[in-house]
Amino acid sequence: MSTPFDGLNEAFGAEPSELQKHVEKVKPTLKKTETEDVKQDYETTRAQLHNLVMKGQEAVDGILDVARASDHPRAYEVAGQLIKNVADTADKLIDLQKKMKDLDAEEKKSGPSTVNNTMFVGSTAELQKMLKKQKEINNTDSN
């Protein structure tokens, strides 16, 4: 019984041997967002931003009441600035979510953990001869 590697074995004067795959087991690692410090910082920051948005909303409601009662342009200007600050805080909350997702994405970009390479060492003429012999062997085996 011939194998597809008989031509190579003859060309290199090697004895047939059984091939073994070498696969390294990779230990699962924690994502950057799953470490305790990062989780705690995220939760604290998120809670603080939510708190700031809620207090900012209360302040906006109060300053708008003052602006309506006084009809003073400066009161409306302060109300506008406060609304902008609350909106910026809400944007920071969204940015925090994006940064957490980016930390996870960095882990996914790290490439393959197992690489199996096969390489032929020789000239193209030798490769063609070997392939031709192998094709002939395959044709005689199938007949």
# chains A, B, ... in the order shown; residues from 1 in each chain; ligands from 1
call {"tool": "residues_around", "arguments": {"residues": "stretch 122-128 of chain A", "least_positions_apart": "6", "cutoff": "12 Å", "atoms": "only C-alpha atoms", "output": "ChimeraX atom specification"}}
result
/A:7-8,11-12,134-135
call {"tool": "write_last_selection", "arguments": {"atoms": "N, CA and C atoms", "output": "PDB file, in the first residue's frame"}}
result
ATOM      1  N   GLY A   7       6.849   9.326  -2.605  1.00  0.00           N
ATOM      2  CA  GLY A   7       7.764  10.064  -3.481  1.00  0.00           C
ATOM      3  C   GLY A   7       8.736  10.912  -2.682  1.00  0.00           C
ATOM      4  N   LEU A   8       8.253  11.536  -1.639  1.00  0.00           N
ATOM      5  CA  LEU A   8       9.125  12.353  -0.789  1.00  0.00           C
ATOM      6  C   LEU A   8      10.106  11.473  -0.030  1.00  0.00           C
ATOM      7  N   ALA A  11      12.762  10.473  -2.417  1.00  0.00           N
ATOM      8  CA  ALA A  11      13.600  11.603  -2.820  1.00  0.00           C
ATOM      9  C   ALA A  11      14.581  11.999  -1.713  1.00  0.00           C
ATOM     10  N   PHE A  12      14.145  11.908  -0.480  1.00  0.00           N
ATOM     11  CA  PHE A  12      14.990  12.344   0.621  1.00  0.00           C
ATOM     12  C   PHE A  12      15.663  11.179   1.341  1.00  0.00           C
ATOM     13  N   GLN A 134       3.850  11.406  -8.012  1.00  0.00           N
ATOM     14  CA  GLN A 134       2.704  11.155  -7.135  1.00  0.00           C
ATOM     15  C   GLN A 134       1.431  10.997  -7.948  1.00  0.00           C
ATOM     16  N   LYS A 135       1.290  11.785  -8.989  1.00  0.00           N
ATOM     17  CA  LYS A 135       0.119  11.687  -9.847  1.00  0.00           C
ATOM     18  C   LYS A 135       0.100  10.332 -10.552  1.00  0.00           C
TER      19      LYS A 135
END
call {"tool": "residues_around", "arguments": {"residues": "A:His50", "least_positions_apart": "2", "cutoff": "12 Å", "atoms": "only C-alpha atoms", "output": "VMD selection string"}}
result
chain A and resid 43 to 48 52 to 57 86 to 87 89 to 94 96
call {"tool": "write_last_selection", "arguments": {"atoms": "N, CA and C atoms", "output": "PDB file, in the first residue's frame"}}
result
ATOM      1  N   GLU A  43     -17.570  50.414  37.359  1.00  0.00           N
ATOM      2  CA  GLU A  43     -18.830  50.557  38.089  1.00  0.00           C
ATOM      3  C   GLU A  43     -18.878  51.864  38.866  1.00  0.00           C
ATOM      4  N   THR A  44     -17.757  52.229  39.474  1.00  0.00           N
ATOM      5  CA  THR A  44     -17.704  53.487  40.229  1.00  0.00           C
ATOM      6  C   THR A  44     -17.889  54.688  39.301  1.00  0.00           C
ATOM      7  N   THR A  45     -17.169  54.681  38.208  1.00  0.00           N
ATOM      8  CA  THR A  45     -17.263  55.794  37.258  1.00  0.00           C
ATOM      9  C   THR A  45     -18.670  55.903  36.686  1.00  0.00           C
ATOM     10  N   ARG A  46     -19.235  54.764  36.333  1.00  0.00           N
ATOM     11  CA  ARG A  46     -20.583  54.753  35.767  1.00  0.00           C
ATOM     12  C   ARG A  46     -21.596  55.296  36.778  1.00  0.00           C
ATOM     13  N   ALA A  47     -21.484  54.870  38.039  1.00  0.00           N
ATOM     14  CA  ALA A  47     -22.401  55.341  39.078  1.00  0.00           C
ATOM     15  C   ALA A  47     -22.248  56.851  39.287  1.00  0.00           C
ATOM     16  N   GLN A  48     -21.002  57.345  39.297  1.00  0.00           N
ATOM     17  CA  GLN A  48     -20.775  58.775  39.481  1.00  0.00           C
ATOM     18  C   GLN A  48     -21.348  59.591  38.319  1.00  0.00           C
ATOM     19  N   LEU A  52     -24.188  62.387  38.508  1.00  0.00           N
ATOM     20  CA  LEU A  52     -24.003  63.749  37.998  1.00  0.00           C
ATOM     21  C   LEU A  52     -25.103  64.139  37.007  1.00  0.00           C
ATOM     22  N   VAL A  53     -25.520  63.203  36.178  1.00  0.00           N
ATOM     23  CA  VAL A  53     -26.588  63.498  35.225  1.00  0.00           C
ATOM     24  C   VAL A  53     -27.891  63.782  35.960  1.00  0.00           C
ATOM     25  N   MET A  54     -28.190  62.987  36.981  1.00  0.00           N
ATOM     26  CA  MET A  54     -29.428  63.198  37.737  1.00  0.00           C
ATOM     27  C   MET A  54     -29.412  64.545  38.475  1.00  0.00           C
ATOM     28  N   LYS A  55     -28.298  64.844  39.152  1.00  0.00           N
ATOM     29  CA  LYS A  55     -28.198  66.130  39.860  1.00  0.00           C
ATOM     30  C   LYS A  55     -28.201  67.297  38.877  1.00  0.00           C
ATOM     31  N   GLY A  56     -27.549  67.104  37.744  1.00  0.00           N
ATOM     32  CA  GLY A  56     -27.537  68.145  36.720  1.00  0.00           C
ATOM     33  C   GLY A  56     -28.929  68.415  36.182  1.00  0.00           C
ATOM     34  N   GLN A  57     -29.724  67.363  36.033  1.00  0.00           N
ATOM     35  CA  GLN A  57     -31.103  67.531  35.554  1.00  0.00           C
ATOM     36  C   GLN A  57     -31.932  68.309  36.575  1.00  0.00           C
ATOM     37  N   VAL A  86     -24.617  69.037  31.343  1.00  0.00           N
ATOM     38  CA  VAL A  86     -25.329  67.770  31.557  1.00  0.00           C
ATOM     39  C   VAL A  86     -25.225  66.898  30.306  1.00  0.00           C
ATOM     40  N   ALA A  87     -25.350  67.502  29.137  1.00  0.00           N
ATOM     41  CA  ALA A  87     -25.221  66.745  27.883  1.00  0.00           C
ATOM     42  C   ALA A  87     -23.807  66.182  27.729  1.00  0.00           C
ATOM     43  N   THR A  89     -21.807  65.356  30.157  1.00  0.00           N
ATOM     44  CA  THR A  89     -21.696  64.247  31.108  1.00  0.00           C
ATOM     45  C   THR A  89     -22.358  62.992  30.549  1.00  0.00           C
ATOM     46  N   ALA A  90     -23.487  63.146  29.891  1.00  0.00           N
ATOM     47  CA  ALA A  90     -24.149  61.997  29.264  1.00  0.00           C
ATOM     48  C   ALA A  90     -23.271  61.418  28.153  1.00  0.00           C
ATOM     49  N   ASP A  91     -22.580  62.289  27.408  1.00  0.00           N
ATOM     50  CA  ASP A  91     -21.643  61.811  26.378  1.00  0.00           C
ATOM     51  C   ASP A  91     -20.484  61.037  26.999  1.00  0.00           C
ATOM     52  N   LYS A  92     -20.011  61.498  28.149  1.00  0.00           N
ATOM     53  CA  LYS A  92     -18.930  60.788  28.838  1.00  0.00           C
ATOM     54  C   LYS A  92     -19.382  59.389  29.257  1.00  0.00           C
ATOM     55  N   LEU A  93     -20.645  59.272  29.611  1.00  0.00           N
ATOM     56  CA  LEU A  93     -21.189  57.966  29.983  1.00  0.00           C
ATOM     57  C   LEU A  93     -21.172  57.016  28.785  1.00  0.00           C
ATOM     58  N   ILE A  94     -21.525  57.521  27.625  1.00  0.00           N
ATOM     59  CA  ILE A  94     -21.485  56.706  26.399  1.00  0.00           C
ATOM     60  C   ILE A  94     -20.038  56.379  26.034  1.00  0.00           C
ATOM     61  N   LEU A  96     -17.600  55.996  28.036  1.00  0.00           N
ATOM     62  CA  LEU A  96     -17.145  54.968  28.971  1.00  0.00           C
ATOM     63  C   LEU A  96     -17.521  53.578  28.459  1.00  0.00           C
TER      64      LEU A  96
END
call {"tool": "residues_around", "arguments": {"residues": "A:Tyr76", "least_positions_apart": "2", "cutoff": "12 Å", "atoms": "only C-alpha atoms", "output": "list in words"}}
result
Val60, Asp61, Gly62, Ile63, Leu64, Asp65, Val66, Ala67, Arg68, Ala69, Ser70, Asp71, His72, Pro73, Arg74, Val78, Ala79, Gly80, Gln81, Leu82 and Ile83 of chain A
call {"tool": "write_last_selection", "arguments": {"atoms": "C-alpha atoms", "output": "mmCIF file, in the first residue's frame"}}
result
data_model
loop_
_atom_site.group_PDB
_atom_site.id
_atom_site.type_symbol
_atom_site.label_atom_id
_atom_site.label_comp_id
_atom_site.auth_asym_id
_atom_site.auth_seq_id
_atom_site.Cartn_x
_atom_site.Cartn_y
_atom_site.Cartn_z
ATOM 1 C CA VAL A 60 -31.441 72.518 35.108
ATOM 2 C CA ASP A 61 -35.042 72.341 36.297
ATOM 3 C CA GLY A 62 -34.265 74.783 39.151
ATOM 4 C CA ILE A 63 -32.338 77.279 37.037
ATOM 5 C CA LEU A 64 -35.063 77.266 34.393
ATOM 6 C CA ASP A 65 -37.614 78.153 37.099
ATOM 7 C CA VAL A 66 -35.353 81.009 38.234
ATOM 8 C CA ALA A 67 -34.847 82.168 34.620
ATOM 9 C CA ARG A 68 -38.605 82.194 33.951
ATOM 10 C CA ALA A 69 -39.330 84.056 37.168
ATOM 11 C CA SER A 70 -36.687 86.734 36.659
ATOM 12 C CA ASP A 71 -36.696 86.984 32.846
ATOM 13 C CA HIS A 72 -33.044 87.982 33.167
ATOM 14 C CA PRO A 73 -30.752 87.089 30.214
ATOM 15 C CA ARG A 74 -27.925 86.026 32.519
ATOM 16 C CA VAL A 78 -26.447 79.998 32.985
ATOM 17 C CA ALA A 79 -29.281 77.573 32.188
ATOM 18 C CA GLY A 80 -27.865 77.028 28.702
ATOM 19 C CA GLN A 81 -24.388 76.324 30.073
ATOM 20 C CA LEU A 82 -25.793 73.916 32.632
ATOM 21 C CA ILE A 83 -27.744 72.051 29.949
#
call {"tool": "decode", "arguments": {"residues": "stretch 88-100 of chain A", "atoms": "N, CA and C atoms", "output": "short mmCIF file (atom, residue, chain, number, x, y, z; two decimals), in the first residue's frame"}}
result
data_model
loop_
_atom_site.label_atom_id
_atom_site.label_comp_id
_atom_site.auth_asym_id
_atom_site.auth_seq_id
_atom_site.Cartn_x
_atom_site.Cartn_y
_atom_site.Cartn_z
N ASP A 88 -22.80 66.96 28.11
CA ASP A 88 -21.41 66.47 28.05
C ASP A 88 -21.20 65.29 29.00
N THR A 89 -21.81 65.36 30.16
CA THR A 89 -21.70 64.25 31.11
C THR A 89 -22.36 62.99 30.55
N ALA A 90 -23.49 63.15 29.89
CA ALA A 90 -24.15 62.00 29.26
C ALA A 90 -23.27 61.42 28.15
N ASP A 91 -22.58 62.29 27.41
CA ASP A 91 -21.64 61.81 26.38
C ASP A 91 -20.48 61.04 27.00
N LYS A 92 -20.01 61.50 28.15
CA LYS A 92 -18.93 60.79 28.84
C LYS A 92 -19.38 59.39 29.26
N LEU A 93 -20.65 59.27 29.61
CA LEU A 93 -21.19 57.97 29.98
C LEU A 93 -21.17 57.02 28.79
N ILE A 94 -21.53 57.52 27.62
CA ILE A 94 -21.49 56.71 26.40
C ILE A 94 -20.04 56.38 26.03
N ASP A 95 -19.14 57.36 26.19
CA ASP A 95 -17.71 57.11 25.89
C ASP A 95 -17.13 56.03 26.80
N LEU A 96 -17.60 56.00 28.04
CA LEU A 96 -17.14 54.97 28.97
C LEU A 96 -17.52 53.58 28.46
N GLN A 97 -18.74 53.44 27.95
CA GLN A 97 -19.16 52.16 27.38
C GLN A 97 -18.28 51.78 26.19
N LYS A 98 -17.99 52.75 25.33
CA LYS A 98 -17.17 52.49 24.15
C LYS A 98 -15.76 52.07 24.55
N LYS A 99 -15.20 52.71 25.56
CA LYS A 99 -13.85 52.37 26.00
C LYS A 99 -13.80 50.95 26.55
N MET A 100 -14.84 50.53 27.24
CA MET A 100 -14.88 49.16 27.75
C MET A 100 -14.93 48.16 26.60
#
